[in-house]
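Next comes structure.cif, with mmCIF, C-alpha atoms.
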data_data
loop_
_atom_site.label_atom_id
_atom_site.label_comp_id
_atom_site.auth_asym_id
_atom_site.auth_seq_id
_atom_site.Cartn_x
_atom_site.Cartn_y
_atom_site.Cartn_z
CA MET N 1 66.61 178.18 133.55
CA CYS N 2 69.31 179.24 131.15
CA ALA N 3 71.67 182.14 131.63
CA ASP N 4 74.45 184.15 130.05
CA VAL N 5 76.80 185.78 132.55
CA TYR N 6 79.52 188.17 131.41
CA ALA N 7 82.49 188.82 133.69
CA GLY N 8 85.81 190.45 133.27
CA SER N 9 88.41 192.20 135.32
CA ARG N 10 86.85 195.56 134.37
CA PHE N 11 83.21 194.76 135.16
CA ALA N 12 81.59 194.76 138.61
CA VAL N 13 77.99 193.96 137.62
CA VAL N 14 76.93 191.32 135.16
CA GLU N 15 73.56 190.63 133.57
CA PHE N 16 71.95 187.27 134.34
CA ARG N 17 69.00 186.42 132.09
CA PRO N 18 67.32 183.13 132.89
CA SER N 19 64.74 181.80 130.51
CA VAL N 20 62.34 178.91 130.63
CA THR N 21 62.17 176.38 127.82
CA ILE N 22 59.14 174.08 127.68
CA HIS N 23 60.30 170.82 126.14
CA LYS N 24 56.86 169.27 125.88
CA LYS N 25 54.15 171.76 125.05
CA THR N 26 50.98 171.25 127.01
CA ASN N 27 48.08 173.52 127.72
CA SER N 28 47.73 173.07 131.44
CA GLU N 29 44.83 174.63 133.20
CA VAL N 30 46.11 173.08 136.44
CA VAL N 31 49.46 174.79 137.14
CA GLU N 32 51.63 177.68 135.99
CA ILE N 33 55.18 178.74 136.92
CA ILE N 34 55.65 182.50 137.14
CA ALA N 35 59.12 184.08 137.33
CA GLU N 36 60.87 187.29 136.39
CA ASP N 37 62.87 187.19 133.19
CA ASN N 38 65.87 189.37 134.19
CA TYR N 39 68.23 189.13 137.14
CA SER N 40 71.64 190.67 137.83
CA ALA N 41 74.53 188.90 139.50
CA THR N 42 77.16 191.13 141.10
CA TYR N 43 80.81 190.11 140.85
CA ASN N 44 82.71 190.83 144.08
CA MET N 45 86.23 191.80 143.04
CA SER N 46 87.72 191.35 146.53
CA LYS N 47 86.21 187.87 147.00
CA HIS N 48 86.80 186.83 143.35
CA LYS N 49 83.28 185.43 142.99
CA PHE N 50 79.73 186.34 142.15
CA GLU N 51 77.46 187.22 145.04
CA THR N 52 74.66 184.76 145.80
CA LEU N 53 71.93 185.13 143.20
CA ASN N 54 68.35 184.78 144.47
CA MET N 55 65.59 184.16 141.93
CA PRO N 56 62.05 184.14 143.32
CA PHE N 57 59.32 182.28 141.45
CA ARG N 58 55.75 181.19 142.10
CA ILE N 59 53.86 178.01 141.32
CA VAL N 60 50.19 178.82 140.89
CA SER N 61 47.65 175.98 140.92
CA ALA N 62 44.03 176.14 139.83
CA ALA N 63 41.64 176.70 142.72
CA ASN N 64 39.97 173.31 142.21
CA TYR N 65 43.28 171.35 142.01
CA SER N 66 44.51 169.13 144.83
CA GLY N 67 47.54 166.99 144.23
CA ARG N 68 51.26 166.46 144.66
CA HIS N 69 53.86 168.79 143.22
CA ARG N 70 57.34 167.37 142.78
CA LEU N 71 60.07 169.80 141.79
CA GLU N 72 62.99 167.68 140.53
CA TYR N 73 66.58 168.73 139.89
CA VAL N 74 67.74 167.60 136.44
CA PHE N 75 71.18 169.11 135.71
CA GLN N 76 73.49 172.10 135.91
CA ASP N 77 76.30 173.08 133.56
CA HIS N 78 78.45 176.24 133.91
CA HIS N 79 81.50 177.46 131.95
CA CYS N 80 83.73 180.49 131.38
CA LYS N 81 85.83 181.33 128.36
CA GLU N 82 87.93 184.26 127.30
CA SER N 83 85.99 186.68 125.12
CA GLY N 84 86.40 185.56 121.52
CA GLY N 85 88.08 182.32 122.60
CA LEU N 86 86.93 178.77 121.98
CA GLU N 87 88.24 176.88 125.00
CA GLU N 88 85.75 176.55 127.85
CA THR N 89 86.70 176.16 131.50
CA PRO N 90 84.04 174.45 133.63
CA ILE N 91 82.83 176.21 136.77
CA GLU N 92 82.46 173.48 139.32
CA GLY N 93 80.98 173.77 142.77
CA VAL N 94 77.99 176.02 142.10
CA GLU N 95 75.67 175.35 145.04
CA LEU N 96 71.94 175.29 144.29
CA LEU N 97 69.43 176.12 147.01
CA LEU N 98 65.66 175.99 147.04
CA ASN N 99 64.14 178.05 149.83
CA GLY N 100 67.51 178.13 151.61
CA ARG N 101 68.07 174.37 151.56
CA PRO N 102 70.40 172.39 149.27
CA PHE N 103 68.62 171.39 146.07
CA SER N 104 70.22 168.36 144.45
CA ASP N 105 67.37 165.87 144.17
CA ALA N 106 63.70 166.80 144.59
CA VAL N 107 61.19 168.61 146.77
CA GLU N 108 57.66 167.29 147.09
CA TYR N 109 54.61 168.88 148.67
CA ILE N 110 50.81 168.75 148.47
CA SER N 111 48.94 171.59 146.81
CA THR N 112 45.30 172.32 147.49
CA GLY N 113 45.09 175.13 144.97
CA GLY N 114 46.48 178.63 145.19
CA GLU N 115 50.03 179.87 145.13
CA VAL N 116 53.34 178.63 146.53
CA GLN N 117 56.33 180.97 146.55
CA HIS N 118 59.90 179.69 146.20
CA ILE N 119 63.35 181.23 146.04
CA PHE N 120 65.92 179.48 143.87
CA SER N 121 69.48 180.55 144.83
CA MET N 122 72.91 179.99 143.36
CA ASN N 123 76.10 180.24 145.46
CA PHE N 124 79.14 180.58 143.22
CA PRO N 125 82.69 179.32 143.82
CA LEU N 126 85.79 181.42 143.15
CA VAL N 127 85.93 182.73 139.58
CA ARG N 128 89.24 184.54 139.39
CA PRO N 129 89.41 187.56 137.08
CA LYS N 130 91.82 187.47 134.16
CA PHE N 131 93.60 190.19 132.24
CA VAL N 132 91.13 189.70 129.39
CA GLU N 133 87.34 189.72 129.50
CA GLN N 134 85.68 186.40 130.29
CA VAL N 135 82.26 185.24 129.20
CA CYS N 136 80.61 183.00 131.80
CA TYR N 137 77.39 181.15 131.17
CA GLY N 138 75.45 178.23 132.45
CA MET N 139 72.23 176.32 132.65
CA VAL N 140 70.22 174.76 135.45
CA GLY N 141 67.38 172.40 134.66
CA PHE N 142 64.53 171.23 136.82
CA THR N 143 61.05 169.88 136.19
CA LEU N 144 57.72 170.19 137.93
CA LYS N 145 55.74 166.98 138.03
CA LEU N 146 52.11 166.70 139.09
CA GLY N 147 50.60 163.66 140.77
CA SER N 148 47.41 162.61 142.46
CA LEU N 149 46.90 162.31 146.19
#
Let me see whether you can do it: turn the structure in this file into structure tokens.
Amino acid sequence: MCADVYAGSRFAVVEFRPSVTIHKKTNSEVVEIIAEDNYSATYNMSKHKFETLNMPFRIVSAANYSGRHRLEYVFQDHHCKESGGLEETPIEGVELLLNGRPFSDAVEYISTGGEVQHIFSMNFPLVRPKFVEQVCYGMVGFTLKLGSL
């Protein structure tokens, strides 16, 4: 998931637009990931941070599929910079959760066809406002691997 987040001392709501990039194109008739394409993250001025962002998604398997699903964490990278500026400041300490549990390695389960619902959440650290507008953005990467029983 990729995202652009815009924050400044004058803005209370920012737009968060994750997108999915398929690095290896395959026509899978076995599994599909379904997610919304627009989310909003609210900046809490009194707490100096974005509120937790929850992003529901579904993994839908073909009815005749039985096998292992392994959702693996790959990376995260988040930065802020002053609007129009070139210098980036890393945002460290963004906590990733999958279904309310820390997500830093992998989650594995057996699918016998049908749908599994997940909620991917991001808890943000302090991001202090500045006197000029900041542009904050980041990326989180994970993969879904299929295996046999």
Problem - Selection dump of the PyMOL selection byres ((chain N and resi 138) around 6), as a list in words - result: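 Residues picked by the PyMOL selection byres ((chain N and resi 138) around 6): Ala3, Asp77, His78, Tyr137 and Met139 of chain N.
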Hey, can you spit out that residue selection with C-alpha atoms as a compact mmCIF listing (two decimals), in the frame of the given file?
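Heads up, here's the output in out.txt:
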# COMPACT_ATOMS: atom_id res chain seq x y z
CA ALA N 3 71.67 182.14 131.63
CA ASP N 77 76.30 173.08 133.56
CA HIS N 78 78.45 176.24 133.91
CA TYR N 137 77.39 181.15 131.17
CA MET N 139 72.23 176.32 132.65
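Across N:Phe50, N:Tyr65, N:Phe120, N:Phe57, the tightest approach to N:Ile33 is made by N:Phe57 when counting all atoms listed in the file.
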Practice task
May I ask for the distance between atom CA of N:Leu146 and atom CA of N:Ala106, given in Å to one decimal place?
Solution key: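 Between atom CA of N:Leu146 and atom CA of N:Ala106 the gap works out to 12.8 Å.
Residues matched by the PyMOL selection byres ((chain N and resi 85) around 12) in this structure: Cys80, Lys81, Glu82, Ser83, Gly84, Leu86, Glu87, Glu88, Thr89, Val132, Glu133, Gln134, Val135 and Cys136 of chain N.
Taking atom CA of N:Ser111 and atom CA of N:Asn99 as endpoints, the distance between them is 16.8 Å.
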Problem - Among listed residues N:Phe124, N:Ala63, N:Met55, N:Arg68, nearest N:Lys145 (using all atoms listed in the file) - result: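 Smallest distance to N:Lys145 is found for N:Arg68.
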Exercise for the section: Taking (84.0, 189.1, 143.3) in the file's own coordinates, collect the residues within 9 Å, counting only C-alpha atoms, and hand them back as a ChimeraX atom specification. Expected result: /N:12,42-51,126-129
Practice task
Have a look at atom CA of N:Arg70 and atom CA of N:Leu98 and let me know their distance in Å, one decimal.
Solution key: 12.7 Å
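Nearest residue to N:Ser66, choosing from N:Pro125, N:Gly141, N:Gly93, N:Gly113 and counting all atoms listed in the file: N:Gly113.
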Handout entry: Point (68.7, 177.7, 147.9), cut-off 8 Å, counting only C-alpha atoms, residues as a VMD selection string
Key = chain N and resid 54 95 to 103 119 to 122
Problem - N:Ile59, N:Lys130, N:Asp105, N:Asn64 ranked by distance to N:His118, top pick (using all atoms listed in the file) - result: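 Closest to N:His118 of all the choices is N:Ile59.
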Export stretch 106-136 of chain N, N, CA, C and O atoms, as a tab-separated table (two decimals), in the first residue's frame; it's the structure right above.
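Ended up saving to result02.tsv:
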chain	number	residue	atom	x	y	z
N	106	ALA	N	4.92	-12.10	9.87
N	106	ALA	CA	3.99	-12.79	8.96
N	106	ALA	C	2.82	-13.37	9.76
N	106	ALA	O	2.93	-13.60	10.96
N	107	VAL	N	1.74	-13.59	9.05
N	107	VAL	CA	0.57	-14.26	9.59
N	107	VAL	C	0.23	-15.38	8.61
N	107	VAL	O	0.19	-15.16	7.40
N	108	GLU	N	0.02	-16.57	9.13
N	108	GLU	CA	-0.28	-17.70	8.27
N	108	GLU	C	-1.56	-18.38	8.74
N	108	GLU	O	-1.81	-18.49	9.93
N	109	TYR	N	-2.38	-18.78	7.78
N	109	TYR	CA	-3.61	-19.50	8.12
N	109	TYR	C	-4.01	-20.39	6.95
N	109	TYR	O	-3.49	-20.24	5.83
N	110	ILE	N	-4.91	-21.30	7.19
N	110	ILE	CA	-5.37	-22.23	6.15
N	110	ILE	C	-6.70	-21.73	5.62
N	110	ILE	O	-7.60	-21.37	6.38
N	111	SER	N	-6.81	-21.70	4.30
N	111	SER	CA	-8.05	-21.30	3.65
N	111	SER	C	-8.68	-22.52	2.99
N	111	SER	O	-7.99	-23.32	2.37
N	112	THR	N	-9.96	-22.63	3.15
N	112	THR	CA	-10.70	-23.71	2.48
N	112	THR	C	-11.70	-23.11	1.49
N	112	THR	O	-12.76	-23.66	1.24
N	113	GLY	N	-11.35	-21.98	0.94
N	113	GLY	CA	-12.23	-21.29	0.00
N	113	GLY	C	-13.09	-20.29	0.74
N	113	GLY	O	-13.30	-20.40	1.94
N	114	GLY	N	-13.54	-19.29	0.04
N	114	GLY	CA	-14.38	-18.27	0.66
N	114	GLY	C	-13.61	-17.00	0.93
N	114	GLY	O	-12.63	-16.69	0.27
N	115	GLU	N	-14.06	-16.28	1.96
N	115	GLU	CA	-13.55	-14.94	2.22
N	115	GLU	C	-13.03	-14.82	3.64
N	115	GLU	O	-13.64	-15.31	4.57
N	116	VAL	N	-11.89	-14.13	3.77
N	116	VAL	CA	-11.33	-13.81	5.09
N	116	VAL	C	-11.20	-12.29	5.15
N	116	VAL	O	-10.62	-11.68	4.26
N	117	GLN	N	-11.76	-11.70	6.21
N	117	GLN	CA	-11.68	-10.26	6.38
N	117	GLN	C	-10.56	-9.90	7.34
N	117	GLN	O	-10.36	-10.58	8.35
N	118	HIS	N	-9.83	-8.83	7.01
N	118	HIS	CA	-8.74	-8.33	7.84
N	118	HIS	C	-8.90	-6.83	8.03
N	118	HIS	O	-9.54	-6.16	7.22
N	119	ILE	N	-8.27	-6.31	9.07
N	119	ILE	CA	-8.16	-4.87	9.25
N	119	ILE	C	-6.68	-4.56	9.47
N	119	ILE	O	-6.06	-5.06	10.40
N	120	PHE	N	-6.13	-3.77	8.57
N	120	PHE	CA	-4.75	-3.31	8.66
N	120	PHE	C	-4.79	-1.92	9.29
N	120	PHE	O	-5.51	-1.04	8.81
N	121	SER	N	-4.07	-1.72	10.41
N	121	SER	CA	-4.11	-0.45	11.13
N	121	SER	C	-2.72	0.14	11.25
N	121	SER	O	-1.72	-0.59	11.31
N	122	MET	N	-2.68	1.46	11.30
N	122	MET	CA	-1.44	2.19	11.50
N	122	MET	C	-1.61	3.13	12.68
N	122	MET	O	-2.53	3.95	12.69
N	123	ASN	N	-0.75	2.98	13.70
N	123	ASN	CA	-0.70	3.91	14.84
N	123	ASN	C	0.50	4.81	14.62
N	123	ASN	O	1.62	4.33	14.46
N	124	PHE	N	0.26	6.11	14.63
N	124	PHE	CA	1.30	7.07	14.29
N	124	PHE	C	1.95	7.66	15.55
N	124	PHE	O	1.28	7.87	16.56
N	125	PRO	N	3.23	7.97	15.47
N	125	PRO	CA	3.91	8.66	16.58
N	125	PRO	C	3.59	10.16	16.51
N	125	PRO	O	2.84	10.60	15.63
N	126	LEU	N	4.20	10.93	17.39
N	126	LEU	CA	4.04	12.38	17.33
N	126	LEU	C	4.56	12.93	16.01
N	126	LEU	O	5.64	12.54	15.56
N	127	VAL	N	3.80	13.79	15.39
N	127	VAL	CA	4.22	14.52	14.19
N	127	VAL	C	3.85	15.97	14.48
N	127	VAL	O	2.72	16.39	14.27
N	128	ARG	N	4.80	16.70	15.05
N	128	ARG	CA	4.52	18.06	15.49
N	128	ARG	C	4.25	18.98	14.30
N	128	ARG	O	4.95	18.91	13.30
N	129	PRO	N	3.23	19.84	14.44
N	129	PRO	CA	2.96	20.80	13.37
N	129	PRO	C	4.07	21.84	13.31
N	129	PRO	O	4.75	22.10	14.30
N	130	LYS	N	4.23	22.43	12.14
N	130	LYS	CA	5.20	23.50	11.95
N	130	LYS	C	4.46	24.75	11.50
N	130	LYS	O	3.27	24.71	11.24
N	131	PHE	N	5.19	25.83	11.39
N	131	PHE	CA	4.56	27.08	10.96
N	131	PHE	C	4.29	27.08	9.46
N	131	PHE	O	3.58	27.93	8.96
N	132	VAL	N	4.88	26.14	8.75
N	132	VAL	CA	4.63	26.00	7.31
N	132	VAL	C	4.00	24.63	7.06
N	132	VAL	O	4.15	23.71	7.86
N	133	GLU	N	3.30	24.52	5.95
N	133	GLU	CA	2.65	23.26	5.61
N	133	GLU	C	3.68	22.15	5.42
N	133	GLU	O	4.75	22.40	4.87
N	134	GLN	N	3.35	20.97	5.90
N	134	GLN	CA	4.19	19.79	5.70
N	134	GLN	C	3.48	18.81	4.78
N	134	GLN	O	2.27	18.69	4.81
N	135	VAL	N	4.25	18.11	4.01
N	135	VAL	CA	3.74	17.02	3.19
N	135	VAL	C	4.31	15.74	3.79
N	135	VAL	O	5.52	15.59	3.91
N	136	CYS	N	3.41	14.84	4.23
N	136	CYS	CA	3.84	13.57	4.82
N	136	CYS	C	3.37	12.45	3.93
N	136	CYS	O	2.26	12.49	3.41
